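Student: Pasting a structure here, questions to come.
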Amino acid sequence: MPGGMTMAETHGVRVRFAPSPTGELHVGGARTVLFNWLFARQSGGKFILRIEDTDEQRSKDELVQPILDSVRWLGLDWDEGPEVGGPYAPYFQSQRGEVYREYTERLVASGHAYPCYCTPEELAQRREAARAEGRPPRYDGRCRDLSEAQRRSLAAEGRTAALRLRVPDTGQISITDIIRGEVTFDNATLDDFVLVKSGGMPVYNFACVVDDHTMRITHVIRAEEHLSNTPKQVHIYRALGLPIPEFAHVPMVLAPDRSKLSKRHGATATAEYKVQGYLPEALNNYLALVGWYPEDGEEFMSVVELTAKFRLDRVSKSAGIYDNGKLTWMNGVYLRSVSLPRLAEAAAPFLAGVVPEGAAPGRLHKVLDAVRDRVKTLAELPGVVGYFYSDQFEYEDKGVRKHFGPEAVQVLESCREAVAGMALDAAAEAYEAAYRQLAERLGVQASALIHPTRLALTGQTVGPGLFVVMELLGRDQCLARLNRAAAFCRQLAAS
RNA sequence: GGCCCCAUGGUCUAACGGUUAAGACACCGGCCUUUCAAGCCGGCAGCAGGGGUUCGACUCCCCUUGGGGCCA
């Protein structure tokens, strides 16, 4: 770098998230995206998305879209990558063969890489033998120094060569990681690993290095599982004479049983959180707190605040266990604090069969405001707003036993009369005043009126303050439901 | 198996040689109250073990143990 400047200083920060389309984006991946995104945004850099689909066996085209959708749902927009393009396109490894070939040629020309004619079967056999003798199963380097003639004769046997990197037998290689500090590996533990398979397909470590370099990535922020790959990648950078980016290996996110996150741990796919009624702002906030903590200790942070406060060098080294309980709590906090229009927007898909198409937004906002502090996910909403839009509900058994006893007919009648005298659009305060007055006149506790009324109006024994419910329902709807309940109780008493 | 990483309550974390070891989730009480929530107040609970270094270790070093990852 000129004048000792780092790439980030000369070109600006460029980071990337490079998922393989072999599965859905799980919460661990989501957090890696988030950290990359936060780092890019806070340093005015670029966030790039790249699809690592070189593994033909496991990569599936149809898995790309769900990953993109998940990242987008989280609101973590990318500056370059699929669907948006960019100066270093294409952003799919499967379309970058030309680029890999160029770098392959450079390595061969400089003598850093050499063709290996051993077949996968022979290699497997030798590994097996090594294992049996208790030796580490490393490649023995037999094709390292073949003469031209030897190569020709091997090829004449019909063998196709893989390409291996010549790795020093001795010495060490150290990487400086922003999160972990210096990590050292002995070259002796590495072997001349394969760069390009005999079929011509580049291996992950090679493609990754070539892409990170050609895409001018300055900071490689990725999961810790790649830490062990890093020395190999650094050897490739060196062989190619390329500048080495900064590395930051973020700790793993583990399942509650401390194992790697997978399908059997239930919903860990980001997309699943959407259908379960989580807000992306809550998921982002929660995820940011797994492995990182703001200096001021304030846990509740918008993405804007996260961008300002996030510090890559304060990310923890130890793996964190993903805690659904805390996420759910935080989601509740968000449901309570988000603006009403935003809440309505996020809730819409969940309320589809419950709230009629053309329902007045103003009233919906009030309804949501009335119920929001007793739900933790949007998926719970239909269960608590239904009665605001329909009187087709049953009375809760428990409530019937408790509040629809023999005296209920009288109570409901009295309430009905009181409500009948109200204005059409009376406010909660007016209903409350009327009920307090009625209770006094009847010489009973207000709760003796309130509970049966709630059951009559909502079918439930729990819910928002009754008088708010009455205001939102309106006088006539209250009357109708009070009547229906009185009839129900009369019938109940008769049977 | 080899190599690498990690280690504070059940969980996420704070602490950066001297603190009554702090906060959050969960849990348990209490308050508030028309119910359920929410909110408020309080409580339970931790430095993995052993050696060093130091006047003094959660903090630094080593070992052990445990957990995780990568490689096949």
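Going by the structure tokens order, chains are called A, B, ..., each with residues numbered from 1, while ligands are numbered from 1 in the order shown.
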Please produce, as JSON lines, a per-residue contact table for chain A versus chain B (criterion: any atom at most 8 Å away, only C-alpha atoms (C1' of nucleotides) considered), showing the nearest atom pair and its distance in Å to one decimal, sorted by chain then residue number.
Tutor:
```
{"residue": "A:Pro136", "atom": "CA", "partner": "B:G2", "partner_atom": "C1'", "distance": 6.4}
{"residue": "A:Pro137", "atom": "CA", "partner": "B:A72", "partner_atom": "C1'", "distance": 7.5}
{"residue": "A:Phe185", "atom": "CA", "partner": "B:C4", "partner_atom": "C1'", "distance": 7.7}
{"residue": "A:Thr189", "atom": "CA", "partner": "B:C3", "partner_atom": "C1'", "distance": 6.7}
{"residue": "A:Glu224", "atom": "CA", "partner": "B:G69", "partner_atom": "C1'", "distance": 7.0}
{"residue": "A:Glu225", "atom": "CA", "partner": "B:G69", "partner_atom": "C1'", "distance": 5.0}
{"residue": "A:His226", "atom": "CA", "partner": "B:C70", "partner_atom": "C1'", "distance": 7.2}
{"residue": "A:Leu227", "atom": "CA", "partner": "B:C4", "partner_atom": "C1'", "distance": 7.4}
{"residue": "A:Ser228", "atom": "CA", "partner": "B:C70", "partner_atom": "C1'", "distance": 5.1}
{"residue": "A:Asn229", "atom": "CA", "partner": "B:C70", "partner_atom": "C1'", "distance": 7.0}
{"residue": "A:Arg258", "atom": "CA", "partner": "B:G67", "partner_atom": "C1'", "distance": 7.6}
{"residue": "A:Ser259", "atom": "CA", "partner": "B:G68", "partner_atom": "C1'", "distance": 7.8}
{"residue": "A:Leu289", "atom": "CA", "partner": "B:C12", "partner_atom": "C1'", "distance": 6.9}
{"residue": "A:Val290", "atom": "CA", "partner": "B:C12", "partner_atom": "C1'", "distance": 6.1}
{"residue": "A:Gly291", "atom": "CA", "partner": "B:C12", "partner_atom": "C1'", "distance": 7.9}
{"residue": "A:Trp292", "atom": "CA", "partner": "B:U13", "partner_atom": "C1'", "distance": 7.8}
{"residue": "A:Tyr293", "atom": "CA", "partner": "B:U13", "partner_atom": "C1'", "distance": 6.8}
{"residue": "A:Gly297", "atom": "CA", "partner": "B:G23", "partner_atom": "C1'", "distance": 7.0}
{"residue": "A:Glu299", "atom": "CA", "partner": "B:A24", "partner_atom": "C1'", "distance": 7.4}
{"residue": "A:Lys317", "atom": "CA", "partner": "B:C6", "partner_atom": "C1'", "distance": 6.6}
{"residue": "A:Ser318", "atom": "CA", "partner": "B:C6", "partner_atom": "C1'", "distance": 5.0}
{"residue": "A:Ala319", "atom": "CA", "partner": "B:C6", "partner_atom": "C1'", "distance": 7.1}
{"residue": "A:Gly320", "atom": "CA", "partner": "B:C12", "partner_atom": "C1'", "distance": 7.4}
{"residue": "A:Ile321", "atom": "CA", "partner": "B:U11", "partner_atom": "C1'", "distance": 7.1}
{"residue": "A:Asp323", "atom": "CA", "partner": "B:U11", "partner_atom": "C1'", "distance": 6.4}
{"residue": "A:Gly325", "atom": "CA", "partner": "B:C25", "partner_atom": "C1'", "distance": 6.8}
{"residue": "A:Lys326", "atom": "CA", "partner": "B:C25", "partner_atom": "C1'", "distance": 4.8}
{"residue": "A:Trp329", "atom": "CA", "partner": "B:C25", "partner_atom": "C1'", "distance": 7.4}
{"residue": "A:Asp373", "atom": "CA", "partner": "B:A38", "partner_atom": "C1'", "distance": 5.5}
{"residue": "A:Arg374", "atom": "CA", "partner": "B:A37", "partner_atom": "C1'", "distance": 4.4}
{"residue": "A:Val375", "atom": "CA", "partner": "B:A37", "partner_atom": "C1'", "distance": 7.8}
{"residue": "A:Ala446", "atom": "CA", "partner": "B:U34", "partner_atom": "C1'", "distance": 7.0}
{"residue": "A:Ser447", "atom": "CA", "partner": "B:U34", "partner_atom": "C1'", "distance": 4.9}
{"residue": "A:Ile450", "atom": "CA", "partner": "B:U34", "partner_atom": "C1'", "distance": 5.7}
{"residue": "A:His451", "atom": "CA", "partner": "B:U34", "partner_atom": "C1'", "distance": 6.8}
{"residue": "A:Thr461", "atom": "CA", "partner": "B:U35", "partner_atom": "C1'", "distance": 6.0}
{"residue": "A:Val462", "atom": "CA", "partner": "B:C36", "partner_atom": "C1'", "distance": 4.6}
{"residue": "A:Gly463", "atom": "CA", "partner": "B:C36", "partner_atom": "C1'", "distance": 5.7}
{"residue": "A:Pro464", "atom": "CA", "partner": "B:C36", "partner_atom": "C1'", "distance": 7.8}
{"residue": "A:Gly465", "atom": "CA", "partner": "B:U34", "partner_atom": "C1'", "distance": 7.3}
{"residue": "A:Leu466", "atom": "CA", "partner": "B:U34", "partner_atom": "C1'", "distance": 7.3}
```
Student: Please identify the helix (DSSP H, G or I) residues within stretch 44-153 of chain A (assignment by DSSP from backbone atoms) and present them as a PyMOL selection string.
Tutor: chain A and resi 61-73+93-95+97-109+120-132+148-153
Student: Name all residues at most 12 Å from A:Val13 (count only C-alpha atoms (C1' of nucleotides); drop same-chain ones fewer than 2 positions away) and give them as number ranges by chain.
Tutor: A: 6-11, 15-16, 36-48, 215-221, 245-246
Student: For A:Pro341, find every residue with an atom within 10 Å (counting only C-alpha atoms (C1' of nucleotides)), except residues of its own chain fewer than 2 positions away, and show them as a list in words.
Tutor: Val338, Ser339, Leu343, Ala344, Glu345, Ala346, Ala347, Pro361, Gly362, Leu364, His365 and Leu368 of chain A
Student: DSSP on the backbone: what in stretch 59-303 of chain A comes out strand (DSSP E or B), as a ChimeraX atom specification?
Tutor: /A:80-81,85,92,113-116,162-165,172-177,181-186,194-196,202,219-223,246-250,253-254,260,269
Student: If you keep N, CA and C atoms, can you produce a file of those selected residues as a short mmCIF file (atom, residue, chain, number, x, y, z; two decimals), in the first residue's frame?
Tutor:
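Contents of again.cif, freshly written:
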```cif
data_model
loop_
_atom_site.label_atom_id
_atom_site.label_comp_id
_atom_site.auth_asym_id
_atom_site.auth_seq_id
_atom_site.Cartn_x
_atom_site.Cartn_y
_atom_site.Cartn_z
N GLU A 80 -23.78 -3.45 -3.16
CA GLU A 80 -23.42 -4.19 -4.36
C GLU A 80 -23.80 -5.64 -4.11
N GLY A 81 -24.19 -6.31 -5.19
CA GLY A 81 -24.54 -7.71 -5.03
C GLY A 81 -25.71 -8.09 -5.90
N GLY A 85 -26.46 -5.28 -8.51
CA GLY A 85 -25.28 -5.17 -9.36
C GLY A 85 -24.15 -4.43 -8.68
N PHE A 92 -21.97 -13.70 -8.07
CA PHE A 92 -22.20 -15.13 -7.83
C PHE A 92 -20.91 -15.84 -8.19
N ALA A 113 1.90 -22.72 -7.42
CA ALA A 113 0.93 -23.82 -7.47
C ALA A 113 1.41 -24.84 -8.49
N TYR A 114 1.02 -26.06 -8.26
CA TYR A 114 1.46 -27.11 -9.18
C TYR A 114 0.33 -28.12 -9.37
N PRO A 115 0.33 -28.80 -10.51
CA PRO A 115 -0.71 -29.80 -10.76
C PRO A 115 -0.43 -31.08 -9.98
N CYS A 116 -1.49 -31.65 -9.45
CA CYS A 116 -1.37 -32.90 -8.71
C CYS A 116 -2.26 -33.92 -9.41
N ALA A 162 -5.47 -31.80 -10.40
CA ALA A 162 -6.00 -30.76 -9.51
C ALA A 162 -4.85 -29.79 -9.33
N LEU A 163 -5.13 -28.62 -8.79
CA LEU A 163 -4.05 -27.66 -8.58
C LEU A 163 -3.84 -27.47 -7.09
N ARG A 164 -2.59 -27.62 -6.66
CA ARG A 164 -2.30 -27.44 -5.23
C ARG A 164 -1.40 -26.26 -4.98
N LEU A 165 -1.53 -25.68 -3.81
CA LEU A 165 -0.66 -24.58 -3.42
C LEU A 165 0.55 -25.14 -2.70
N GLN A 172 5.83 -20.38 10.69
CA GLN A 172 4.49 -20.15 11.20
C GLN A 172 3.81 -19.05 10.42
N ILE A 173 2.54 -18.98 10.59
CA ILE A 173 1.83 -17.88 9.98
C ILE A 173 0.91 -17.28 11.03
N SER A 174 0.95 -15.97 11.16
CA SER A 174 0.12 -15.31 12.15
C SER A 174 -0.88 -14.41 11.47
N ILE A 175 -2.06 -14.40 12.00
CA ILE A 175 -3.02 -13.44 11.49
C ILE A 175 -3.38 -12.52 12.65
N THR A 176 -3.64 -11.28 12.33
CA THR A 176 -4.05 -10.35 13.37
C THR A 176 -5.54 -10.12 13.20
N ASP A 177 -6.27 -10.53 14.20
CA ASP A 177 -7.72 -10.46 14.14
C ASP A 177 -8.19 -9.32 15.03
N GLY A 181 -7.16 -10.74 18.35
CA GLY A 181 -5.73 -10.45 18.48
C GLY A 181 -4.93 -11.35 17.56
N GLU A 182 -3.69 -11.66 17.96
CA GLU A 182 -2.84 -12.45 17.08
C GLU A 182 -3.11 -13.94 17.27
N VAL A 183 -3.31 -14.63 16.16
CA VAL A 183 -3.52 -16.08 16.20
C VAL A 183 -2.47 -16.71 15.29
N THR A 184 -1.74 -17.68 15.84
CA THR A 184 -0.62 -18.26 15.11
C THR A 184 -0.85 -19.74 14.78
N PHE A 185 -0.46 -20.10 13.59
CA PHE A 185 -0.58 -21.50 13.15
C PHE A 185 0.77 -21.96 12.64
N ASP A 186 1.11 -23.21 12.91
CA ASP A 186 2.34 -23.79 12.36
C ASP A 186 2.08 -24.24 10.93
N VAL A 194 -5.56 -28.25 -1.90
CA VAL A 194 -6.07 -28.09 -3.26
C VAL A 194 -6.68 -26.71 -3.45
N LEU A 195 -6.34 -26.08 -4.57
CA LEU A 195 -6.89 -24.78 -4.93
C LEU A 195 -8.04 -24.95 -5.90
N VAL A 196 -7.78 -25.80 -6.87
CA VAL A 196 -8.77 -26.05 -7.91
C VAL A 196 -8.89 -27.57 -8.08
N PRO A 202 -12.99 -24.26 -8.49
CA PRO A 202 -12.14 -23.71 -7.43
C PRO A 202 -12.68 -24.09 -6.05
N HIS A 219 -12.26 -5.39 5.03
CA HIS A 219 -12.43 -6.05 6.32
C HIS A 219 -13.28 -7.30 6.14
N VAL A 220 -12.70 -8.42 6.47
CA VAL A 220 -13.43 -9.68 6.37
C VAL A 220 -14.03 -9.97 7.74
N ILE A 221 -15.31 -9.71 7.85
CA ILE A 221 -16.01 -9.94 9.12
C ILE A 221 -16.87 -11.17 8.93
N ARG A 222 -16.54 -12.25 9.57
CA ARG A 222 -17.25 -13.51 9.35
C ARG A 222 -17.28 -14.32 10.63
N ALA A 223 -17.98 -15.43 10.59
CA ALA A 223 -18.12 -16.25 11.78
C ALA A 223 -16.82 -16.96 12.13
N GLU A 246 -8.10 -6.90 6.65
CA GLU A 246 -8.24 -7.05 8.10
C GLU A 246 -9.22 -8.18 8.34
N PHE A 247 -9.01 -8.91 9.41
CA PHE A 247 -9.95 -9.98 9.73
C PHE A 247 -10.63 -9.70 11.06
N ALA A 248 -11.88 -10.12 11.16
CA ALA A 248 -12.60 -10.04 12.43
C ALA A 248 -13.49 -11.27 12.48
N HIS A 249 -13.13 -12.21 13.31
CA HIS A 249 -13.94 -13.42 13.42
C HIS A 249 -14.87 -13.31 14.60
N VAL A 250 -16.14 -13.19 14.29
CA VAL A 250 -17.13 -13.01 15.35
C VAL A 250 -17.50 -14.36 15.95
N VAL A 253 -22.89 -18.25 17.26
CA VAL A 253 -24.15 -18.18 18.00
C VAL A 253 -24.60 -19.63 18.12
N LEU A 254 -24.73 -20.09 19.34
CA LEU A 254 -25.05 -21.50 19.58
C LEU A 254 -26.50 -21.70 20.03
N LYS A 260 -24.17 -26.35 17.48
CA LYS A 260 -24.35 -25.45 16.37
C LYS A 260 -25.84 -25.34 16.03
N ALA A 269 -34.46 -19.96 11.62
CA ALA A 269 -34.37 -19.30 10.32
C ALA A 269 -34.99 -17.92 10.47
#
```
Student: Between atom CA of A:Ile178 and atom CA of A:Arg311, what is the distance, to one decimal in Å?
Tutor: 10.5 Å
Student: Taking into account only C-alpha atoms, which residue in the set A:Glu157, A:Glu471, A:Glu396, A:Asp140 is nearest to A:Asp192?
Tutor: A:Asp140
Student: Would you mind reading off the distance between atom C1' of B:C31 and atom CA of A:Ala282, one decimal, in Å?
Tutor: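 These atoms are spaced 29.5 Å apart.
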Student: Got a sec: who's within 7 Å of stretch 50-66 of chain B, counting only C-alpha atoms (C1' of nucleotides), leaving out chain neighbours fewer than 3 positions off, as a list in words?
Tutor: U8, C16, G17, G18 and C47 of chain B
Student: How many Å separate atom CA of A:Asn324 from atom CA of A:Ala348?
Tutor: 23.8 Å
Student: Would you mind listing what lies within 8 Å of A:Thr328 as a list in words, with only C-alpha atoms (C1' of nucleotides) counted and same-chain residues fewer than 3 positions away left out?
Tutor: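 Here the qualifying residues turn out to be Tyr278, Asn324, Gly325, Asn331, Gly332, Lys376 and Thr377 of chain A.
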